[in-house]
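A.B. asks: The structure is given below, and queries will be raised subsequently.
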Amino acid sequence: MTRPAWQDVPRSNLDRFEEIARSEAPELAHTILFQIRREYPYLHLVEDESGEPLALVGIRRAIEGFVSNLTAGAHPRVPPEMFQEFGRGEGLEGRSLDALQAIYRLGVRLTWRRLAEIGQQADIPAPAMYELAESGFEYLDGLVEQSVRGYAEAAARRASERLRLQRQLIELLLMEHRGDVSMTLAERAARIGWELPETIAVGVLMRPAREAVAPAVGQGILLEMESEQPRMVIPAPETAGRAETLRRATAGWSGAIGPPVPLAAAATSLRWAETAVQLIKKGLLPQGEVLHCTERTEELLLLPAEDLIDAAARRCLAPLDGLSATQSRRLAETLLAWIETPGGAPEVAARLGVHPQTARYRLRQIRELWGDAIDEADKRFEMLLVLRALRLRGDLAPAQD
């Protein structure tokens, strides 16, 4: 390896260089800070307990540390704590590091200009000064690296705090409200920059895997991933394009989105979404997609009322009790097709996929079993609900279109 040129500089010259540089460090720091304020007039400078800007302290320490390490033959080391704090401050304020990096470059440029002049005063050879310039750029990289660490820490802290506040807002939104909590909601929403909508829908998700990555639902949609079944609050759910955005974002997930409701009725939307998820778990609604409850009205109304449907079925379908299981099922399917289909035997036959004569025979059996009761509107409606619920459960064959 090539011997560093600084090691060949006489000790007296090095001492002279360090003496001048250290004595001028405070003034140079003020000059740099003045120039920073001039080029960045809107920059907010934090002060220490004595009222001195921390940036001034940081600049002075950086200059002194750089010079001391350099003249001692050591690799210039960046003082980590203060410059991490600078990056942390930018992160906590939600700003980028662009301005801070520009300020560092300005400071290094001004410092190098003055150190070059001091190098001439102390008779430092040109090769050693070239090395000083290279060390200055390395030092700049170190300043940025420390600030990036502090910035990343602050960004993580801000993200964690926002998630905590977002969870609190979601919990408050989904509570059953007995009084007016609009002011509390507005305050909580303002803390995370979320504008309260007039209507919302609540979604409940089922994890495709334990460590599944959260769906990228985009800004505006509140997502809470810590529950066993993640929840999301969707503002203005009927906005054009919202449904398609959610469909793409939740690809590969199962779950349900409750109906749009006024903000104060969020708990109602949640209940319907939870009901749909229970039906998905039972295999009564399809998995592999996030369903919209408003598109599954029939299932959500009929399937959860299992006990009521079973009791009504025993009463409405009692005339079938004396038949075999196969006969009972066929006549129940025919009865449902007849109630659902305008027209006579040909239309029923087409719906069932059987010969018209078969349909006529079954319809005569139905007439004999139920008699005139089959013509009562209320009776037909009740049987329609019961038979459709049985079909949704898979106890009857699906209708053919």
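Chain identifiers are assigned as A, B, and so on, following the order in which chains appear in the structure tokens; residues are numbered from 1 within each chain, and ligands are numbered from 1 in order of appearance.
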Which residues, written as a PyMOL selection string, have at least one atom at most 6 Å from range 144-159 of chain A, with only C-alpha atoms counted and residues fewer than 3 positions away on the same chain left out?
C.D. replies: chain A and resi 80+83-85+87-88+91-92+141+162
A.B. asks: Using the selection just defined, write its residues with N, CA and C atoms as a PDB file, in the first residue's frame.
C.D. replies:
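What follows is the written file selection.pdb:
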ATOM      1  N   PRO A  80     -20.974  10.410  16.178  1.00  0.00           N
ATOM      2  CA  PRO A  80     -22.251   9.861  15.732  1.00  0.00           C
ATOM      3  C   PRO A  80     -23.482  10.481  16.376  1.00  0.00           C
ATOM      4  N   PHE A  83     -25.009  13.933  14.922  1.00  0.00           N
ATOM      5  CA  PHE A  83     -25.489  13.908  13.538  1.00  0.00           C
ATOM      6  C   PHE A  83     -26.615  12.899  13.348  1.00  0.00           C
ATOM      7  N   GLN A  84     -26.642  11.882  14.193  1.00  0.00           N
ATOM      8  CA  GLN A  84     -27.832  11.030  14.214  1.00  0.00           C
ATOM      9  C   GLN A  84     -29.043  11.830  14.684  1.00  0.00           C
ATOM     10  N   GLU A  85     -28.809  12.717  15.654  1.00  0.00           N
ATOM     11  CA  GLU A  85     -29.901  13.546  16.181  1.00  0.00           C
ATOM     12  C   GLU A  85     -30.424  14.503  15.107  1.00  0.00           C
ATOM     13  N   GLY A  87     -30.470  13.909  11.879  1.00  0.00           N
ATOM     14  CA  GLY A  87     -31.314  13.087  11.004  1.00  0.00           C
ATOM     15  C   GLY A  87     -32.610  12.711  11.680  1.00  0.00           C
ATOM     16  N   ARG A  88     -32.536  12.423  12.986  1.00  0.00           N
ATOM     17  CA  ARG A  88     -33.735  12.067  13.748  1.00  0.00           C
ATOM     18  C   ARG A  88     -34.728  13.226  13.756  1.00  0.00           C
ATOM     19  N   GLY A  91     -36.546  13.408  10.505  1.00  0.00           N
ATOM     20  CA  GLY A  91     -37.528  12.330  10.407  1.00  0.00           C
ATOM     21  C   GLY A  91     -38.765  12.605  11.229  1.00  0.00           C
ATOM     22  N   LEU A  92     -38.571  13.118  12.447  1.00  0.00           N
ATOM     23  CA  LEU A  92     -39.720  13.390  13.320  1.00  0.00           C
ATOM     24  C   LEU A  92     -40.586  14.514  12.783  1.00  0.00           C
ATOM     25  N   ASP A 141     -19.511  11.612   3.650  1.00  0.00           N
ATOM     26  CA  ASP A 141     -20.288  10.364   3.579  1.00  0.00           C
ATOM     27  C   ASP A 141     -20.637   9.858   4.975  1.00  0.00           C
ATOM     28  N   ARG A 162     -48.033   6.291  14.426  1.00  0.00           N
ATOM     29  CA  ARG A 162     -49.217   6.468  13.581  1.00  0.00           C
ATOM     30  C   ARG A 162     -50.088   5.215  13.598  1.00  0.00           C
TER      31      ARG A 162
END
A.B. asks: For Thr297 in chain A, please output as a CSV table (one decimal) with N, CA and C atoms, in the first residue's frame all residues within 10 Å (counting only C-alpha atoms; exclusion window: fewer than 4 positions along the same chain).
C.D. replies:
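So selection-v5.csv came out as:
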chain,number,residue,atom,x,y,z
A,259,PRO,N,-71.7,-3.5,4.1
A,259,PRO,CA,-72.4,-2.5,3.3
A,259,PRO,C,-72.0,-1.1,3.7
A,276,ALA,N,-70.4,-12.6,7.1
A,276,ALA,CA,-70.0,-13.2,5.8
A,276,ALA,C,-68.8,-14.0,6.0
A,292,HIS,N,-68.2,-8.6,-1.4
A,292,HIS,CA,-69.0,-7.4,-1.0
A,292,HIS,C,-70.4,-7.9,-0.5
A,293,CYS,N,-70.7,-7.6,0.8
A,293,CYS,CA,-72.0,-8.1,1.4
A,293,CYS,C,-73.2,-7.7,0.5
A,301,LEU,N,-78.9,-13.1,4.4
A,301,LEU,CA,-80.2,-13.1,5.1
A,301,LEU,C,-80.7,-14.5,5.5
A,302,LEU,N,-80.4,-15.5,4.6
A,302,LEU,CA,-81.0,-16.8,4.8
A,302,LEU,C,-80.1,-17.8,5.6
A.B. asks: Please list as a list in words every residue within 10 Å of range 343-347 of chain A, counting only C-alpha atoms and excluding residues in the same chain fewer than 5 positions away.
C.D. replies: Thr334, Ala337, Trp338, Leu352, Gly353, Val354, His355, Pro356, Gln357, Thr358, Ala359, Arg360, Tyr361, Arg362 and Leu363 of chain A
A.B. asks: How about saving the chosen residues, C-alpha atoms kept, as a PDB file, in the first residue's frame?
C.D. replies:
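New file selection_27.pdb:
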ATOM      1  CA  THR A 334     -89.572 -28.979  -8.610  1.00  0.00           C
ATOM      2  CA  ALA A 337     -88.544 -24.185  -9.743  1.00  0.00           C
ATOM      3  CA  TRP A 338     -92.335 -23.793 -10.060  1.00  0.00           C
ATOM      4  CA  LEU A 352     -84.790 -28.391 -14.109  1.00  0.00           C
ATOM      5  CA  GLY A 353     -83.353 -29.942 -17.247  1.00  0.00           C
ATOM      6  CA  VAL A 354     -85.997 -32.693 -17.397  1.00  0.00           C
ATOM      7  CA  HIS A 355     -88.654 -33.779 -19.900  1.00  0.00           C
ATOM      8  CA  PRO A 356     -91.878 -31.683 -19.789  1.00  0.00           C
ATOM      9  CA  GLN A 357     -93.917 -34.813 -19.078  1.00  0.00           C
ATOM     10  CA  THR A 358     -91.733 -35.487 -16.013  1.00  0.00           C
ATOM     11  CA  ALA A 359     -92.333 -31.936 -14.834  1.00  0.00           C
ATOM     12  CA  ARG A 360     -96.121 -32.344 -15.284  1.00  0.00           C
ATOM     13  CA  TYR A 361     -96.110 -35.552 -13.283  1.00  0.00           C
ATOM     14  CA  ARG A 362     -94.178 -33.929 -10.408  1.00  0.00           C
ATOM     15  CA  LEU A 363     -96.415 -30.855 -10.423  1.00  0.00           C
TER      16      LEU A 363
END
A.B. asks: Measuring atom to atom with only C-alpha atoms, identify which of A:Met206, A:Thr275, A:Arg16, A:Leu56 is nearest to Ile36 in chain A.
C.D. replies: A:Leu56
A.B. asks: Report the residues of range 123-336 of chain A whose backbone DSSP state falls under strand (DSSP E), written as a PyMOL selection string.
C.D. replies: chain A and resi 199-206+222-224+231-235+254-257+261-262+290-292
A.B. asks: Please produce an output containing C-alpha atoms for each residue in the selection, written as an mmCIF file, in the first residue's frame.
C.D. replies:
data_model
loop_
_atom_site.group_PDB
_atom_site.id
_atom_site.type_symbol
_atom_site.label_atom_id
_atom_site.label_comp_id
_atom_site.auth_asym_id
_atom_site.auth_seq_id
_atom_site.Cartn_x
_atom_site.Cartn_y
_atom_site.Cartn_z
ATOM 1 C CA THR A 199 -70.103 7.086 4.740
ATOM 2 C CA ILE A 200 -67.824 4.130 5.299
ATOM 3 C CA ALA A 201 -67.697 0.383 4.843
ATOM 4 C CA VAL A 202 -65.839 -2.009 7.110
ATOM 5 C CA GLY A 203 -63.940 -5.018 5.811
ATOM 6 C CA VAL A 204 -62.819 -8.144 7.639
ATOM 7 C CA LEU A 205 -59.974 -10.200 6.170
ATOM 8 C CA MET A 206 -58.791 -13.781 6.598
ATOM 9 C CA LEU A 222 -57.440 2.459 7.461
ATOM 10 C CA LEU A 223 -55.958 -1.015 7.892
ATOM 11 C CA GLU A 224 -55.475 -2.779 11.214
ATOM 12 C CA ARG A 231 -59.947 -5.102 9.616
ATOM 13 C CA MET A 232 -60.096 -2.161 7.252
ATOM 14 C CA VAL A 233 -62.201 0.978 7.232
ATOM 15 C CA ILE A 234 -63.016 2.235 3.748
ATOM 16 C CA PRO A 235 -64.098 5.877 3.435
ATOM 17 C CA SER A 254 -60.380 -13.981 1.603
ATOM 18 C CA GLY A 255 -62.839 -11.862 3.505
ATOM 19 C CA ALA A 256 -65.818 -9.572 3.198
ATOM 20 C CA ILE A 257 -66.663 -5.893 3.043
ATOM 21 C CA VAL A 261 -73.285 2.981 6.139
ATOM 22 C CA PRO A 262 -73.193 6.427 7.756
ATOM 23 C CA VAL A 290 -62.916 -10.400 -0.684
ATOM 24 C CA LEU A 291 -66.677 -10.415 -1.104
ATOM 25 C CA HIS A 292 -69.018 -7.448 -0.972
#
